[in-house]
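For reference, input31.pdb (PDB, C-alpha atoms, pLDDT in the B column):
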ATOM      1  CA  MET A 512     -26.746  11.363  19.225  1.00 55.00           C
ATOM      2  CA  GLU A 513     -24.995   8.641  21.220  1.00 64.00           C
ATOM      3  CA  ILE A 514     -21.713   7.423  19.792  1.00 71.00           C
ATOM      4  CA  ASP A 515     -20.140   4.097  20.651  1.00 77.00           C
ATOM      5  CA  PHE A 516     -16.397   4.543  20.257  1.00 84.00           C
ATOM      6  CA  ALA A 517     -15.766   0.801  20.122  1.00 89.00           C
ATOM      7  CA  PRO A 518     -15.128   0.943  16.330  1.00 91.00           C
ATOM      8  CA  LEU A 519     -12.334   3.450  16.958  1.00 91.00           C
ATOM      9  CA  ILE A 520     -10.684   1.226  19.552  1.00 93.00           C
ATOM     10  CA  ILE A 521     -11.095  -1.879  17.382  1.00 93.00           C
ATOM     11  CA  SER A 522      -9.670  -0.101  14.333  1.00 93.00           C
ATOM     12  CA  LEU A 523      -6.658   1.305  16.183  1.00 93.00           C
ATOM     13  CA  ARG A 524      -5.888  -2.037  17.826  1.00 94.00           C
ATOM     14  CA  ALA A 525      -6.218  -3.968  14.573  1.00 94.00           C
ATOM     15  CA  ALA A 526      -4.199  -1.411  12.595  1.00 94.00           C
ATOM     16  CA  THR A 527      -1.439  -1.346  15.219  1.00 94.00           C
ATOM     17  CA  MET A 528      -1.167  -5.119  15.351  1.00 96.00           C
ATOM     18  CA  ALA A 529      -1.282  -5.380  11.555  1.00 95.00           C
ATOM     19  CA  THR A 530       1.479  -2.774  11.317  1.00 95.00           C
ATOM     20  CA  ILE A 531       3.680  -4.796  13.654  1.00 96.00           C
ATOM     21  CA  VAL A 532       3.084  -7.927  11.573  1.00 96.00           C
ATOM     22  CA  THR A 533       3.738  -6.206   8.243  1.00 96.00           C
ATOM     23  CA  PHE A 534       6.791  -4.416   9.664  1.00 96.00           C
ATOM     24  CA  PHE A 535       8.707  -7.654  10.160  1.00 96.00           C
ATOM     25  CA  LEU A 536       7.247  -9.594   7.226  1.00 96.00           C
ATOM     26  CA  GLY A 537       7.639  -6.636   4.874  1.00 95.00           C
ATOM     27  CA  ILE A 538      11.287  -6.051   5.787  1.00 95.00           C
ATOM     28  CA  ALA A 539      12.087  -9.777   5.500  1.00 95.00           C
ATOM     29  CA  ALA A 540      10.379 -10.064   2.109  1.00 95.00           C
ATOM     30  CA  ALA A 541      11.966  -6.854   0.816  1.00 94.00           C
ATOM     31  CA  TYR A 542      15.431  -7.956   1.898  1.00 92.00           C
ATOM     32  CA  PHE A 543      15.009 -11.341   0.237  1.00 93.00           C
ATOM     33  CA  VAL A 544      13.636 -10.030  -3.061  1.00 93.00           C
ATOM     34  CA  SER A 545      16.124  -7.146  -3.310  1.00 89.00           C
ATOM     35  CA  GLY A 546      18.986  -9.615  -3.038  1.00 86.00           C
ATOM     36  CA  TYR A 547      17.445 -12.367  -5.144  1.00 87.00           C
ATOM     37  CA  GLN A 548      18.633 -12.516  -8.753  1.00 86.00           C
ATOM     38  CA  GLY A 549      16.849 -15.650  -9.945  1.00 83.00           C
ATOM     39  CA  LYS A 550      14.542 -15.860 -12.945  1.00 86.00           C
ATOM     40  CA  PHE A 551      11.461 -15.969 -10.715  1.00 89.00           C
ATOM     41  CA  LYS A 552      12.120 -12.577  -9.148  1.00 89.00           C
ATOM     42  CA  GLY A 553       9.422 -10.863 -11.209  1.00 90.00           C
ATOM     43  CA  LEU A 554       6.883 -13.534 -10.325  1.00 93.00           C
ATOM     44  CA  ILE A 555       7.694 -13.413  -6.613  1.00 92.00           C
ATOM     45  CA  ASP A 556       7.464  -9.620  -6.610  1.00 92.00           C
ATOM     46  CA  GLY A 557       4.147  -9.814  -8.461  1.00 92.00           C
ATOM     47  CA  VAL A 558       2.674 -12.238  -5.940  1.00 93.00           C
ATOM     48  CA  LEU A 559       3.800 -10.115  -2.986  1.00 94.00           C
ATOM     49  CA  THR A 560       2.418  -6.956  -4.590  1.00 93.00           C
ATOM     50  CA  LEU A 561      -0.832  -8.520  -5.789  1.00 93.00           C
ATOM     51  CA  PRO A 562      -2.914  -7.503  -2.722  1.00 92.00           C
ATOM     52  CA  LEU A 563      -2.214  -3.889  -3.679  1.00 90.00           C
ATOM     53  CA  VAL A 564      -4.158  -4.162  -6.942  1.00 90.00           C
ATOM     54  CA  LEU A 565      -6.748  -6.826  -6.192  1.00 91.00           C
ATOM     55  CA  PRO A 566     -10.174  -5.591  -5.041  1.00 90.00           C
ATOM     56  CA  PRO A 567     -10.469  -5.845  -1.234  1.00 89.00           C
ATOM     57  CA  THR A 568     -13.533  -8.061  -1.579  1.00 89.00           C
ATOM     58  CA  VAL A 569     -11.482 -10.523  -3.629  1.00 92.00           C
ATOM     59  CA  LEU A 570      -8.829 -10.589  -0.913  1.00 92.00           C
ATOM     60  CA  GLY A 571     -11.546 -11.063   1.680  1.00 91.00           C
ATOM     61  CA  PHE A 572     -13.056 -13.938  -0.274  1.00 93.00           C
ATOM     62  CA  LEU A 573      -9.677 -15.650  -0.634  1.00 93.00           C
ATOM     63  CA  LEU A 574      -9.051 -15.261   3.089  1.00 93.00           C
ATOM     64  CA  LEU A 575     -12.529 -16.599   3.798  1.00 91.00           C
ATOM     65  CA  VAL A 576     -11.803 -19.666   1.676  1.00 91.00           C
ATOM     66  CA  LEU A 577      -8.387 -20.097   3.286  1.00 92.00           C
ATOM     67  CA  PHE A 578      -9.534 -19.724   6.887  1.00 90.00           C
ATOM     68  CA  GLY A 579     -13.049 -21.134   6.469  1.00 85.00           C
ATOM     69  CA  LYS A 580     -13.957 -24.445   8.046  1.00 83.00           C
ATOM     70  CA  ASN A 581     -13.277 -26.252   4.764  1.00 84.00           C
ATOM     71  CA  GLY A 582     -10.093 -24.342   3.968  1.00 85.00           C
ATOM     72  CA  PRO A 583      -6.588 -25.697   4.650  1.00 87.00           C
ATOM     73  CA  LEU A 584      -5.880 -23.325   7.528  1.00 88.00           C
ATOM     74  CA  GLY A 585      -9.473 -23.465   8.691  1.00 85.00           C
ATOM     75  CA  LYS A 586      -9.344 -27.244   9.044  1.00 85.00           C
ATOM     76  CA  PHE A 587      -6.128 -26.992  11.017  1.00 87.00           C
ATOM     77  CA  LEU A 588      -7.569 -24.370  13.354  1.00 86.00           C
ATOM     78  CA  THR A 589     -10.736 -26.426  13.809  1.00 84.00           C
ATOM     79  CA  ALA A 590      -8.632 -29.468  14.671  1.00 83.00           C
ATOM     80  CA  ILE A 591      -6.962 -27.574  17.517  1.00 84.00           C
ATOM     81  CA  GLY A 592     -10.303 -26.228  18.690  1.00 82.00           C
ATOM     82  CA  THR A 593     -10.281 -22.635  17.471  1.00 84.00           C
ATOM     83  CA  THR A 594     -11.243 -20.439  14.530  1.00 85.00           C
ATOM     84  CA  VAL A 595     -10.562 -16.909  13.339  1.00 88.00           C
ATOM     85  CA  ILE A 596     -13.545 -16.278  11.093  1.00 89.00           C
ATOM     86  CA  PHE A 597     -15.689 -13.384  12.374  1.00 89.00           C
ATOM     87  CA  SER A 598     -13.334 -12.670  15.257  1.00 90.00           C
ATOM     88  CA  TRP A 599     -10.992  -9.817  16.153  1.00 90.00           C
ATOM     89  CA  PRO A 600      -7.912 -11.728  14.914  1.00 91.00           C
ATOM     90  CA  ALA A 601      -9.652 -11.890  11.524  1.00 92.00           C
ATOM     91  CA  THR A 602      -9.611  -8.094  11.338  1.00 94.00           C
ATOM     92  CA  VAL A 603      -5.865  -8.160  12.029  1.00 94.00           C
ATOM     93  CA  ILE A 604      -5.283 -10.773   9.328  1.00 94.00           C
ATOM     94  CA  ALA A 605      -7.289  -8.810   6.759  1.00 94.00           C
ATOM     95  CA  ALA A 606      -5.588  -5.534   7.655  1.00 94.00           C
ATOM     96  CA  SER A 607      -2.156  -7.184   7.482  1.00 95.00           C
ATOM     97  CA  VAL A 608      -2.793  -8.614   4.019  1.00 95.00           C
ATOM     98  CA  VAL A 609      -3.946  -5.316   2.507  1.00 95.00           C
ATOM     99  CA  ALA A 610      -1.192  -3.311   4.218  1.00 95.00           C
ATOM    100  CA  PHE A 611       1.694  -5.677   3.468  1.00 96.00           C
ATOM    101  CA  PRO A 612       2.384  -4.572  -0.151  1.00 95.00           C
ATOM    102  CA  LEU A 613       2.861  -0.936   0.862  1.00 94.00           C
ATOM    103  CA  MET A 614       5.410  -1.896   3.487  1.00 95.00           C
ATOM    104  CA  TYR A 615       7.138  -4.347   1.176  1.00 96.00           C
ATOM    105  CA  ARG A 616       7.361  -2.061  -1.862  1.00 94.00           C
ATOM    106  CA  THR A 617       8.532   0.977   0.092  1.00 93.00           C
ATOM    107  CA  VAL A 618      11.222  -0.914   1.993  1.00 94.00           C
ATOM    108  CA  ARG A 619      12.377  -2.798  -1.085  1.00 93.00           C
ATOM    109  CA  SER A 620      12.813   0.479  -2.946  1.00 91.00           C
ATOM    110  CA  SER A 621      14.918   1.818  -0.057  1.00 90.00           C
ATOM    111  CA  PHE A 622      17.077  -1.312   0.032  1.00 91.00           C
ATOM    112  CA  GLU A 623      17.754  -1.130  -3.697  1.00 89.00           C
ATOM    113  CA  GLN A 624      18.874   2.500  -3.459  1.00 88.00           C
ATOM    114  CA  ILE A 625      21.712   1.650  -1.091  1.00 87.00           C
ATOM    115  CA  ASP A 626      25.157   1.949  -2.663  1.00 83.00           C
ATOM    116  CA  GLN A 627      26.223  -1.671  -3.113  1.00 84.00           C
ATOM    117  CA  ASN A 628      29.888  -0.690  -2.871  1.00 88.00           C
ATOM    118  CA  ILE A 629      29.319  -0.153   0.845  1.00 87.00           C
ATOM    119  CA  ILE A 630      27.934  -3.666   1.176  1.00 87.00           C
ATOM    120  CA  TYR A 631      30.799  -5.162  -0.849  1.00 88.00           C
ATOM    121  CA  ALA A 632      33.370  -3.305   1.246  1.00 88.00           C
ATOM    122  CA  ALA A 633      31.820  -4.631   4.458  1.00 88.00           C
ATOM    123  CA  ARG A 634      31.896  -8.183   3.123  1.00 87.00           C
ATOM    124  CA  THR A 635      35.508  -7.757   2.078  1.00 88.00           C
ATOM    125  CA  LEU A 636      36.323  -6.749   5.644  1.00 85.00           C
ATOM    126  CA  GLY A 637      34.704  -9.949   6.905  1.00 85.00           C
ATOM    127  CA  VAL A 638      31.531  -8.446   8.340  1.00 84.00           C
ATOM    128  CA  SER A 639      28.768 -11.048   8.644  1.00 86.00           C
ATOM    129  CA  GLU A 640      25.558 -10.721   6.648  1.00 85.00           C
ATOM    130  CA  TRP A 641      23.597 -10.330   9.877  1.00 87.00           C
ATOM    131  CA  LYS A 642      25.722  -7.361  10.968  1.00 89.00           C
ATOM    132  CA  ILE A 643      25.581  -5.860   7.482  1.00 88.00           C
ATOM    133  CA  PHE A 644      21.797  -6.019   7.665  1.00 88.00           C
ATOM    134  CA  TRP A 645      21.511  -4.392  11.095  1.00 88.00           C
ATOM    135  CA  LYS A 646      24.484  -2.015  10.971  1.00 87.00           C
ATOM    136  CA  ILE A 647      24.348  -0.876   7.336  1.00 87.00           C
ATOM    137  CA  THR A 648      21.191  -1.839   5.450  1.00 89.00           C
ATOM    138  CA  ILE A 649      18.595  -0.848   8.048  1.00 88.00           C
ATOM    139  CA  PRO A 650      20.218   2.469   9.104  1.00 86.00           C
ATOM    140  CA  LEU A 651      20.716   3.595   5.501  1.00 86.00           C
ATOM    141  CA  SER A 652      17.176   2.682   4.507  1.00 88.00           C
ATOM    142  CA  TRP A 653      15.490   3.775   7.726  1.00 85.00           C
ATOM    143  CA  PRO A 654      13.530   6.706   6.215  1.00 83.00           C
ATOM    144  CA  GLY A 655      11.952   4.266   3.753  1.00 87.00           C
ATOM    145  CA  VAL A 656      11.263   1.743   6.499  1.00 90.00           C
ATOM    146  CA  ALA A 657       9.561   4.422   8.572  1.00 88.00           C
ATOM    147  CA  ALA A 658       7.532   5.633   5.589  1.00 87.00           C
ATOM    148  CA  GLY A 659       6.437   2.099   4.790  1.00 91.00           C
ATOM    149  CA  THR A 660       5.400   1.539   8.387  1.00 92.00           C
ATOM    150  CA  VAL A 661       3.241   4.651   8.436  1.00 90.00           C
ATOM    151  CA  LEU A 662       1.672   3.850   5.070  1.00 91.00           C
ATOM    152  CA  ALA A 663       0.932   0.315   6.243  1.00 93.00           C
ATOM    153  CA  PHE A 664      -0.762   1.656   9.371  1.00 93.00           C
ATOM    154  CA  ALA A 665      -2.880   4.086   7.376  1.00 91.00           C
ATOM    155  CA  ARG A 666      -3.878   1.370   4.899  1.00 92.00           C
ATOM    156  CA  ALA A 667      -4.712  -1.092   7.663  1.00 93.00           C
ATOM    157  CA  LEU A 668      -6.793   1.525   9.448  1.00 92.00           C
ATOM    158  CA  GLY A 669      -8.865   2.229   6.351  1.00 89.00           C
ATOM    159  CA  ASP A 670      -9.554  -1.294   5.100  1.00 90.00           C
ATOM    160  CA  PHE A 671     -13.194  -2.207   4.614  1.00 91.00           C
ATOM    161  CA  GLY A 672     -13.810  -4.929   2.037  1.00 88.00           C
ATOM    162  CA  ALA A 673     -11.406  -7.634   3.202  1.00 91.00           C
ATOM    163  CA  THR A 674     -12.158  -6.979   6.869  1.00 91.00           C
ATOM    164  CA  LEU A 675     -15.896  -7.175   6.330  1.00 90.00           C
ATOM    165  CA  MET A 676     -15.606 -10.449   4.400  1.00 91.00           C
ATOM    166  CA  ILE A 677     -13.572 -12.329   6.987  1.00 92.00           C
ATOM    167  CA  GLY A 678     -14.282 -10.383  10.171  1.00 90.00           C
ATOM    168  CA  GLY A 679     -17.910  -9.368   9.709  1.00 87.00           C
ATOM    169  CA  ASN A 680     -19.509  -6.416  11.416  1.00 86.00           C
ATOM    170  CA  ILE A 681     -20.041  -7.589  14.976  1.00 88.00           C
ATOM    171  CA  PRO A 682     -20.492  -4.499  17.211  1.00 87.00           C
ATOM    172  CA  GLY A 683     -17.851  -4.250  19.898  1.00 87.00           C
ATOM    173  CA  LYS A 684     -15.855  -7.093  18.348  1.00 90.00           C
ATOM    174  CA  THR A 685     -15.095  -6.690  14.633  1.00 90.00           C
ATOM    175  CA  LEU A 686     -16.956  -3.508  13.639  1.00 91.00           C
ATOM    176  CA  THR A 687     -14.237  -1.109  12.466  1.00 92.00           C
ATOM    177  CA  ILE A 688     -14.583   2.564  11.528  1.00 92.00           C
ATOM    178  CA  PRO A 689     -14.936   1.965   7.752  1.00 92.00           C
ATOM    179  CA  ALA A 690     -17.641  -0.626   8.408  1.00 91.00           C
ATOM    180  CA  ALA A 691     -19.342   1.709  10.887  1.00 91.00           C
ATOM    181  CA  ILE A 692     -19.403   4.423   8.216  1.00 92.00           C
ATOM    182  CA  PHE A 693     -20.963   2.083   5.665  1.00 90.00           C
ATOM    183  CA  PHE A 694     -23.684   0.736   7.912  1.00 90.00           C
ATOM    184  CA  ALA A 695     -24.478   4.147   9.407  1.00 89.00           C
ATOM    185  CA  ALA A 696     -24.924   5.595   5.922  1.00 91.00           C
ATOM    186  CA  GLU A 697     -26.916   2.566   4.795  1.00 89.00           C
ATOM    187  CA  SER A 698     -29.310   2.981   7.721  1.00 88.00           C
ATOM    188  CA  GLY A 699     -29.740   6.684   6.962  1.00 88.00           C
ATOM    189  CA  ASP A 700     -27.834   7.960   9.991  1.00 87.00           C
ATOM    190  CA  MET A 701     -25.745  10.429   7.981  1.00 90.00           C
ATOM    191  CA  ASN A 702     -24.643  12.423  11.035  1.00 90.00           C
ATOM    192  CA  LYS A 703     -23.023   9.397  12.620  1.00 89.00           C
ATOM    193  CA  ALA A 704     -21.440   8.399   9.315  1.00 90.00           C
ATOM    194  CA  LEU A 705     -20.075  11.917   8.870  1.00 92.00           C
ATOM    195  CA  LEU A 706     -18.646  11.901  12.382  1.00 91.00           C
ATOM    196  CA  TRP A 707     -16.744   8.686  11.679  1.00 92.00           C
ATOM    197  CA  VAL A 708     -15.562  10.054   8.333  1.00 93.00           C
ATOM    198  CA  ILE A 709     -14.201  13.200   9.972  1.00 93.00           C
ATOM    199  CA  LEU A 710     -12.526  11.169  12.707  1.00 91.00           C
ATOM    200  CA  ILE A 711     -10.706   8.767  10.390  1.00 91.00           C
ATOM    201  CA  PHE A 712      -9.842  11.676   8.081  1.00 92.00           C
ATOM    202  CA  ILE A 713      -8.197  13.549  10.957  1.00 92.00           C
ATOM    203  CA  ILE A 714      -6.308  10.472  12.173  1.00 90.00           C
ATOM    204  CA  SER A 715      -5.029   9.651   8.680  1.00 88.00           C
ATOM    205  CA  LEU A 716      -4.028  13.263   8.005  1.00 90.00           C
ATOM    206  CA  ILE A 717      -2.125  13.521  11.281  1.00 89.00           C
ATOM    207  CA  VAL A 718      -0.304  10.263  10.624  1.00 86.00           C
ATOM    208  CA  MET A 719       0.687  11.215   7.072  1.00 84.00           C
ATOM    209  CA  THR A 720       1.737  14.736   8.081  1.00 88.00           C
ATOM    210  CA  LEU A 721       3.957  13.461  10.884  1.00 82.00           C
ATOM    211  CA  MET A 722       5.470  10.938   8.482  1.00 79.00           C
ATOM    212  CA  ASN A 723       6.320  13.671   5.976  1.00 79.00           C
ATOM    213  CA  TYR A 724       7.974  15.869   8.575  1.00 80.00           C
ATOM    214  CA  TRP A 725       9.876  12.979  10.119  1.00 76.00           C
ATOM    215  CA  THR A 726      11.045  11.647   6.749  1.00 73.00           C
ATOM    216  CA  ASP A 727      12.291  15.088   5.701  1.00 75.00           C
ATOM    217  CA  TYR A 728      14.126  15.410   9.003  1.00 74.00           C
ATOM    218  CA  GLN A 729      15.804  12.015   8.572  1.00 69.00           C
ATOM    219  CA  ARG A 730      16.860  12.836   5.009  1.00 70.00           C
ATOM    220  CA  LYS A 731      18.417  16.092   6.146  1.00 72.00           C
ATOM    221  CA  LEU A 732      20.352  14.205   8.822  1.00 70.00           C
ATOM    222  CA  ILE A 733      21.635  11.708   6.252  1.00 63.00           C
ATOM    223  CA  ILE A 734      22.662  14.491   3.851  1.00 67.00           C
ATOM    224  CA  SER A 735      24.364  16.375   6.667  1.00 69.00           C
ATOM    225  CA  ALA A 736      26.232  13.251   7.767  1.00 60.00           C
ATOM    226  CA  GLY A 737      27.297  12.565   4.190  1.00 58.00           C
ATOM    227  CA  ARG A 738      28.784  16.054   3.828  1.00 60.00           C
ATOM    228  CA  LYS A 739      30.833  15.570   6.963  1.00 56.00           C
TER     229      LYS A 739
END

Once you've parsed the file, please lay out its structure as structure tokens.
Amino acid sequence: MEIDFAPLIISLRAATMATIVTFFLGIAAAYFVSGYQGKFKGLIDGVLTLPLVLPPTVLGFLLLVLFGKNGPLGKFLTAIGTTVIFSWPATVIAASVVAFPLMYRTVRSSFEQIDQNIIYAARTLGVSEWKIFWKITIPLSWPGVAAGTVLAFARALGDFGATLMIGGNIPGKTLTIPAAIFFAAESGDMNKALLWVILIFIISLIVMTLMNYWTDYQRKLIISAGRK
């Protein structure tokens, strides 16, 4: 049985890039919402979390409408002579959308657990908001940031519905591991499907296990520092 490992490479590349995107966007969104006290906070949080509960095919359809040739972004991309539909960047976009809520929710929870007295004291001493963010907020919430990053990577790696809708299943270009599993099983090649299942299972398990150990280690360091 010959195995083309292109789906593995495509999946890892797309998941890595999506993780980078969601890392920055998730932290920015979490920081904004955690500090926002307006009446629309619940609505904003609901919109940002919505991809977590919507079916992946619905997300894929919305992305297809948005980036399609008749969509607002699609028209803009066509005007500058490019498109993302059924291309590798489409897999990154889909993976980023489905992974974003996990990064956002995890980081937001970490931000909101920070003792606000520390923040108030820093402001009283004249520390700028930028320094407070980098010197206090991020270090104190780093275990949550790291956990959100790992969860986002795992979610991006395992996406199927949204990626298939906007990226398609072009071998060597947009065919990811989940899609390879589906089409291998659909064609009756159960051995190949099982191989891909085992591979993504091992990768996901390793990632989650390392995250658990690393998070526990960071928490112990924080507790130890607090006792000193």

Distance query A:Leu613 at most 7 Å, only C-alpha atoms, self and fewer than 6 positions along chain excluded, as a PyMOL selection string: chain A and resi 659+662-663

Those residues you just picked out, can you put them in a file as an mmCIF file, in the frame of the given file with C-alpha atoms?
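Written out: out.cif:
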data_model
loop_
_atom_site.group_PDB
_atom_site.id
_atom_site.type_symbol
_atom_site.label_atom_id
_atom_site.label_comp_id
_atom_site.auth_asym_id
_atom_site.auth_seq_id
_atom_site.Cartn_x
_atom_site.Cartn_y
_atom_site.Cartn_z
ATOM 1 C CA GLY A 659 6.437 2.099 4.790
ATOM 2 C CA LEU A 662 1.672 3.850 5.070
ATOM 3 C CA ALA A 663 0.932 0.315 6.243
#

Atom-to-atom span, atom CA of A:Lys550 and atom CA of A:Leu577, Å: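 Interatomic distance here is 28.4 Å.
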
Each side padded by 4 Å, which centre and which edge lengths in Å (one decimal) define the axis-aligned box around the listed atoms of stretch 674-691 of chain A? Give them as JSON.
{"center_x": -16.3, "center_y": -4.9, "center_z": 12.1, "size_x": 16.3, "size_y": 22.9, "size_z": 23.5}

Atomic separation - atom CA of A:Arg730 relative to atom CA of A:Ala633, Å: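 Computing the Euclidean distance for atom CA of A:Ala633 and atom CA of A:Arg730 yields 23.0 Å.
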
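Considering the residues A:Phe712, A:Tyr542, A:Trp725, A:Trp707 and counting all atoms listed in the file, A:Ile649 has its shortest atom-to-atom contact with A:Tyr542.
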
Residues matched by the PyMOL selection byres ((chain A and resi 614) around 7) as a list in words: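 Written out, the selection comes to Thr533, Phe534, Gly537, Ala610, Phe611, Pro612, Leu613, Tyr615, Arg616, Thr617, Val618, Gly659, Thr660 and Ala663 of chain A.
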
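One finds atom CA of A:Gly549 at 19.4 Å from atom CA of A:Glu640.
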
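With only C-alpha atoms taken into account, the protein and nucleic acid residues at most 8 Å from stretch 688-700 of chain A (excluding it and anything under 4 positions from it in its own chain) are A:Pro518, A:Leu519, A:Ser522, A:Gly669, A:Asp670, A:Phe671, A:Leu675, A:Asn680, A:Ala704, A:Leu705, A:Trp707, A:Val708, A:Ile711.
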
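Using only C-alpha atoms, the smallest distance between any of A:Ser652, A:Ser598, A:Thr560, A:Ser715 and A:Gly683 comes from A:Ser598.
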
Polymer residues at most 10 Å from (1.5, 9.3, 7.5) by all atoms listed in the file, as JSON, numbers by chain: {"A": [657, 658, 659, 660, 661, 662, 663, 664, 665, 666, 714, 715, 716, 717, 718, 719, 720, 721, 722, 723, 724, 725, 726]}

Shortest interatomic distance to A:Leu565 - which of A:Ala673, A:Ile681, A:Leu706, A:Ile604, counting all atoms listed in the file: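 The shortest atom-to-atom distance to A:Leu565 comes from A:Ala673.
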
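The result of the PyMOL selection byres ((chain A and resi 606) around 8) on the shown file is Ala525, Ala526, Ala529, Thr602, Val603, Ile604, Ala605, Ser607, Val608, Val609, Ala610, Arg666, Ala667, Leu668, Asp670, Ala673 and Thr674 of chain A.
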
Result set of the PyMOL selection byres ((chain A and resi 623-627) around 8) on the coordinates above, as a ChimeraX atom specification: /A:545,619-622,628-631,648,651-652

Counting all atoms listed in the file, the residue of A:Pro682, A:Gly553, A:Gly672, A:Pro600 that sits nearest A:Gly571: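 Using all atoms listed in the file, the shortest distance to A:Gly571 belongs to A:Gly672.
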